Amino acid sequence: MTWIVFALFFWITMWILNVRLANAGRNRIINLIVPALFGISLLVLWEGFVRGLNISPILLPTPSAIAIRFSTSIPILWVDFVQTFVKGALSGYVIGCSAAFLTAIAVDKSSFLKRGLLPVGNFVAALPIIGMAPILVMWFGFDWHSKSAVVVVMVFFPMLINTVAGLSAKDTIQNDLMQTYGASYWQSLFKLSLPAAMPFIFNGLKICTTLALIGAIVSEFFGSPTRGMGFRISTEVGRLSLDMVWAEITVAALAGSTFYGMMALIEKGITFWHPSQRS
Amino acid sequence: MNNPVISANKLSLTYQTNDGPVHALQDINLDIKKGEFVSFIGPSGCGKTTLLRVIAELETPTNGTIQVNGMSASEARMQRAYGYVFQAAGLYPWRTIGGNIKLPLEIMGYSKEQREERVAHVLELVELSGFDKKFPWQLSGGMQQRASIARALAFDADILLMDEPFGALDEIVRDHLNEQLLKLWARTQKTIGFVTHSIPEAVFLSTKIVVMSPRPGRIANIIESTLPRDRSLDIRESQEFLDIAAEVRDGLRTGHADE
Amino acid sequence: MNKLRFFWHKVGPVVTVLLVIIAIWYVATVWLNSAWAYDKAKRADTTISFSQMVSDTMIQDKPLLPAPHQVIKEIYKTTVLKKVTSKRSLIWHGWITLSATLLGFAFGTTFGILLAIGIVYSRAMDMSVMPWVITSQTIPILAVAPMIIVVLNAVGISGLLPKAIISMYLSFFPVVVGMVKGLRSPDQMQIDQMRTWSASKNSSFWKLRLPSSMPYLFASLKIGIAASLVGAIVGELPTGAVAGLGARLLAGSYYGQTIQIWSALICAAILAASLVAIIGTIEKYTLRRMGIQL
């Protein structure tokens, strides 16, 4: 009971503090503190309610229990991480995005391909591609190669659509200038189309970081050697050791947000000139 | 030597639209000699921008011929015979000002030393020395246009084609740039084709004024200016200036009245 | 004449690409299934010619890659030829998945819009919650599906609801992000104008912010419904593949019934495309009535 009271008290105090801070103004420090306080108070609320209501650890473990399980399982978590993220997601991401990039350049050159492939690509991008996982497991085997293949299929179309949109993003005057300089197709591509396309390309790359991780993990639900984040999640769920499941989720969350954050950082460096980066 | 640098013969351009054919240019006959400053003036739809774009091979005529430097517009473009300045600066935001000016030089194969030398030279011509490491968004509208002009001057082209380059700027900046442009013209001796819809600007800058009228786009009048080549902004108050301006205005009115 | 040219110009390339894809599919069918065909012949101690092999690859029971006509036949068999209430009917399975999708989507959209309104109108909420919403988009939430299903099953919630909850979670975030962008989209001039008319916050919301957010809302709804469908499908995996399209996928993969897998996949694809198209049509109609040209 005291746990619940404490948790609620903490939550309300933090909320009032947050309101105070938010109305005080916006600067970099406050921008970081407010969501951090919110997150912490959420964790305290969680811990308090689980303890106070005596919720079984089979249903919902406390954050402290998860933290303990996390720290004692680092070797396993690391193996899973390498299997799913590094071997599965990352390889598929690189292959899929590069293939989409090269295809986009070919599509940009041929207006026939553009009119034919883009509608089909838009259509495929909306489909539940994850459903191809069992088929790809059948073709490529249980190990990380099939997971990589699923990721390739999942990231290809969104990346293609974004890159094609980017390659036509140059404005008319910039394009006409290239004409007046008598520039060749390749000169125009490298000096104008590609730099102008970077904001779109990075938008695609960022979206695909999430898709890659999801694809790698979920496709492990369809078959996997005895390691990998998806594998661990589904087996530990079966054993009802949910604290391990949550530990794996934490790894996935960290991996996902770091991957995305790195892309955003690179984007800031390359598209420094774009209005969205300058405000 | 007296061969015209730009020569249009029965030049026509017709667009097919859903509402029928649009005669953007009809039967244009025009000769521009070396070193002339020619203004094209007229209301919207008269074809002045289209004519400039045909000279630059950014549009293709449906009839008649256009010759630049004695060859077809296509050959002239591949020979990099002219620099083009648009209504907006069109600077590439991911390149510095210096980088933007180097862009045509890189494409045309100038050496690294030549590039550095030319950038310094043209920045000095437009009074933007020291701005080569800045990015376009750090410059005002007027400065961006000057950079755009510098870019068009960087490589060896005898012809400069300008499409309402000062239209988006305020009057004070515009006056200043007009003066600078005349000084540039005197220094570089280029042949300039200049599209505008400001009568004072056309009369102030040019040696020849081509008045055009719309629907169909055609030349209504060609006025040879009697003003001296060397002029300052004060000349805009002189009687000679006002007479020429009146002649231009008449030409425009007649062209408009035909509709 | 112009209509014909338009048709050819827009539709021609798409049709060509689709025909090429089908052609490649058939070639791949022959290529991938050939190993099995030759194997079979070897075990029967006979040899087969190339054309015999080709025809064999088209009619295998558990092909590595079913031919298009095999998939179409299977879909026909399990939709038109089966009673809608039969446990083998693809329509029945499709409906199970669809109901979870729609329920989750409805909840996710409602909560998403409410949260977006809260974020736009409360500074504290904006600064506390919005960063987490954005971060959560980078977290592979789908990986959590098995756990959610099992936990909810343990407290007695099973069947439709757990899957709907996953779907709700997946459609919730795109809707929040899109709605926040949309509610904030009117430019300063328009907001100032509202103030000069002494418009109340309520008025300002219903007459300016909400209409301006419509294009953004619809874009998010399209993403949201596709995500909801994926959520429902993945949600069917942990329960041991009982019902729904995801269950058919899993069952097919357990028993090596590749034709079944493909037919379930194509059915899911058709479902996704139809749902997005329906939203697209509603969008077109609504925006046109509001005067927004797309």
# chains A, B, ... in the order shown; residues from 1 in each chain; ligands from 1

$ select_by_dssp --residues "segment 136-246 of chain B" --states "strand (DSSP E)" --output "VMD selection string"
chain B and resid 159 to 163 191 to 196 208 to 213 218 to 224

$ closest_atom_pairs --of "chain A" --to "chain C" --cutoff "6 Å" --atoms "only C-alpha atoms" --output "CSV"
residue,atom,partner,partner_atom,distance
A:Val19,CA,C:Ala124,CA,4.8
A:Ala22,CA,C:Ala124,CA,5.1
A:Val34,CA,C:Ser128,CA,5.4
A:Pro35,CA,C:Ser128,CA,4.1
A:Phe38,CA,C:Ser128,CA,5.7
A:Leu59,CA,C:Val151,CA,5.4
A:Arg115,CA,C:Pro13,CA,5.9
A:Gly116,CA,C:Val14,CA,3.9
A:Leu127,CA,C:Ala269,CA,5.3
A:Pro128,CA,C:Val230,CA,5.5
A:Pro134,CA,C:Ser253,CA,5.8
A:Thr210,CA,C:Thr138,CA,5.3
A:Ile214,CA,C:Pro140,CA,5.0
A:Val218,CA,C:Ala143,CA,6.0
A:Val237,CA,C:Met147,CA,5.8
A:Ala253,CA,C:Ile139,CA,4.7
A:Gly256,CA,C:Ile139,CA,5.2
A:Ser257,CA,C:Thr138,CA,5.2

$ write_last_selection --atoms "C-alpha atoms" --output "short mmCIF file (atom, residue, chain, number, x, y, z; two decimals), in the first residue's frame"
data_model
loop_
_atom_site.label_atom_id
_atom_site.label_comp_id
_atom_site.auth_asym_id
_atom_site.auth_seq_id
_atom_site.Cartn_x
_atom_site.Cartn_y
_atom_site.Cartn_z
CA VAL A 19 4.55 22.02 -15.58
CA ALA A 22 7.72 23.86 -19.11
CA VAL A 34 11.47 17.51 -18.62
CA PRO A 35 11.15 14.29 -20.68
CA PHE A 38 8.63 12.20 -17.06
CA LEU A 59 2.66 -10.87 -15.58
CA ARG A 115 5.83 5.57 -64.43
CA GLY A 116 5.74 1.80 -64.23
CA LEU A 127 1.89 -4.53 -47.75
CA PRO A 128 2.65 -6.70 -44.73
CA PRO A 134 8.36 -17.93 -43.48
CA THR A 210 13.33 0.88 -37.55
CA ILE A 214 11.62 -5.07 -36.64
CA VAL A 218 9.98 -10.72 -36.01
CA VAL A 237 7.75 -15.83 -23.07
CA ALA A 253 15.01 -0.29 -27.68
CA GLY A 256 16.83 0.93 -32.32
CA SER A 257 17.16 4.41 -30.91
#

$ atom_distance --atom1 "atom CA of Ser12 of chain B" --atom2 "atom CA of Ser198 of chain B"
25.0 Å

$ residues_around --residues "segment 73-88 of chain C" --least-positions-apart "2" --cutoff "8 Å" --atoms "only C-alpha atoms" --output "mmCIF file with C-alpha atoms, in the first residue's frame"
data_model
loop_
_atom_site.group_PDB
_atom_site.id
_atom_site.type_symbol
_atom_site.label_atom_id
_atom_site.label_comp_id
_atom_site.auth_asym_id
_atom_site.auth_seq_id
_atom_site.Cartn_x
_atom_site.Cartn_y
_atom_site.Cartn_z
ATOM 1 C CA HIS C 69 -1.620 -20.201 -61.189
ATOM 2 C CA GLN C 70 -1.163 -22.612 -58.284
ATOM 3 C CA VAL C 71 -1.575 -19.752 -55.816
ATOM 4 C CA LEU C 90 -9.487 -17.895 -46.223
ATOM 5 C CA ILE C 91 -12.334 -15.430 -45.925
ATOM 6 C CA TRP C 92 -13.016 -16.612 -42.374
ATOM 7 C CA HIS C 93 -9.359 -16.242 -41.452
ATOM 8 C CA ILE C 259 1.112 -22.863 -51.473
ATOM 9 C CA GLN C 260 -0.879 -22.178 -48.310
ATOM 10 C CA SER C 263 -2.141 -17.741 -50.639
ATOM 11 C CA CYS C 267 -4.736 -12.447 -49.223
#

$ interface_residues --of "chain A" --to "chain B" --cutoff "8 Å" --atoms "only C-alpha atoms" --output "PyMOL selection string"
chain A and resi 173-174+176-177+179-183+187+192+195+271-274

$ select_by_dssp --residues "segment 89-183 of chain B" --states "alpha helix (DSSP H)" --output "PyMOL selection string"
chain B and resi 97-108+112-125+141-153+171-183

$ write_last_selection --atoms "C-alpha atoms" --output "mmCIF file, in the first residue's frame"
data_model
loop_
_atom_site.group_PDB
_atom_site.id
_atom_site.type_symbol
_atom_site.label_atom_id
_atom_site.label_comp_id
_atom_site.auth_asym_id
_atom_site.auth_seq_id
_atom_site.Cartn_x
_atom_site.Cartn_y
_atom_site.Cartn_z
ATOM 1 C CA ILE B 97 29.668 31.057 -52.817
ATOM 2 C CA GLY B 98 33.133 30.169 -54.045
ATOM 3 C CA GLY B 99 31.992 26.587 -54.603
ATOM 4 C CA ASN B 100 28.985 27.776 -56.588
ATOM 5 C CA ILE B 101 31.152 29.878 -58.877
ATOM 6 C CA LYS B 102 33.514 26.946 -59.331
ATOM 7 C CA LEU B 103 30.622 24.695 -60.404
ATOM 8 C CA PRO B 104 30.631 25.594 -64.129
ATOM 9 C CA LEU B 105 34.429 25.686 -64.059
ATOM 10 C CA GLU B 106 34.567 22.124 -62.716
ATOM 11 C CA ILE B 107 32.129 20.927 -65.355
ATOM 12 C CA MET B 108 34.038 22.640 -68.130
ATOM 13 C CA LYS B 112 42.413 23.995 -59.953
ATOM 14 C CA GLU B 113 44.616 27.085 -60.188
ATOM 15 C CA GLN B 114 42.489 28.541 -62.971
ATOM 16 C CA ARG B 115 39.389 27.986 -60.840
ATOM 17 C CA GLU B 116 40.821 29.775 -57.811
ATOM 18 C CA GLU B 117 42.032 32.641 -59.956
ATOM 19 C CA ARG B 118 38.719 33.112 -61.738
ATOM 20 C CA VAL B 119 36.671 32.974 -58.545
ATOM 21 C CA ALA B 120 38.747 35.765 -57.035
ATOM 22 C CA HIS B 121 38.480 37.765 -60.246
ATOM 23 C CA VAL B 122 34.704 37.639 -60.690
ATOM 24 C CA LEU B 123 33.977 38.192 -56.992
ATOM 25 C CA GLU B 124 35.975 41.374 -57.284
ATOM 26 C CA LEU B 125 34.001 42.344 -60.390
ATOM 27 C CA GLY B 141 18.779 38.605 -51.955
ATOM 28 C CA GLY B 142 20.782 41.254 -53.749
ATOM 29 C CA MET B 143 24.083 39.670 -52.839
ATOM 30 C CA GLN B 144 22.861 36.269 -53.989
ATOM 31 C CA GLN B 145 21.963 37.717 -57.369
ATOM 32 C CA ARG B 146 25.391 39.326 -57.629
ATOM 33 C CA ALA B 147 26.940 35.952 -56.882
ATOM 34 C CA SER B 148 24.749 34.463 -59.606
ATOM 35 C CA ILE B 149 26.040 37.065 -62.054
ATOM 36 C CA ALA B 150 29.609 36.385 -60.966
ATOM 37 C CA ARG B 151 29.017 32.710 -61.667
ATOM 38 C CA ALA B 152 27.836 33.543 -65.194
ATOM 39 C CA LEU B 153 30.964 35.623 -65.778
ATOM 40 C CA GLU B 171 14.407 49.632 -56.012
ATOM 41 C CA ILE B 172 17.472 50.949 -54.201
ATOM 42 C CA VAL B 173 19.348 47.689 -54.600
ATOM 43 C CA ARG B 174 18.135 47.499 -58.157
ATOM 44 C CA ASP B 175 19.532 50.910 -59.074
ATOM 45 C CA HIS B 176 22.875 49.995 -57.578
ATOM 46 C CA LEU B 177 23.003 46.708 -59.463
ATOM 47 C CA ASN B 178 22.024 48.401 -62.718
ATOM 48 C CA GLU B 179 25.017 50.701 -62.349
ATOM 49 C CA GLN B 180 27.295 47.808 -61.535
ATOM 50 C CA LEU B 181 26.037 45.865 -64.524
ATOM 51 C CA LEU B 182 26.895 48.703 -66.893
ATOM 52 C CA LYS B 183 30.396 48.947 -65.430
#

$ atom_distance --atom1 "atom CA of Gly223 of chain A" --atom2 "atom CA of Ile95 of chain A"
21.8 Å

$ residues_around --residues "Glu237 of chain B" --least-positions-apart "6" --cutoff "12 Å" --atoms "only C-alpha atoms" --output "compact mmCIF listing (two decimals) with C-alpha atoms, in the first residue's frame"
# COMPACT_ATOMS: atom_id res chain seq x y z
CA PRO B 200 13.38 52.75 -67.03
CA VAL B 203 16.16 52.34 -71.42
CA PHE B 204 18.93 52.88 -68.85
CA ARG B 231 26.08 56.74 -68.55
CA ASP B 243 11.81 60.51 -75.13
CA ILE B 244 13.11 57.00 -75.63
CA ALA B 245 11.07 55.80 -72.67

$ atom_distance --atom1 "atom CA of Ala37 of chain C" --atom2 "atom CA of Gln60 of chain C"
8.4 Å

$ closest_residue --among "A:Phe142, A:Phe202, A:Phe190, A:Trp78" --to "Cys97 of chain A" --atoms "only C-alpha atoms"
A:Phe202

$ closest_residue --among "B:Ser111, B:Leu139, B:Thr17, B:Gln67" --to "chain C" --atoms "only C-alpha atoms"
B:Thr17
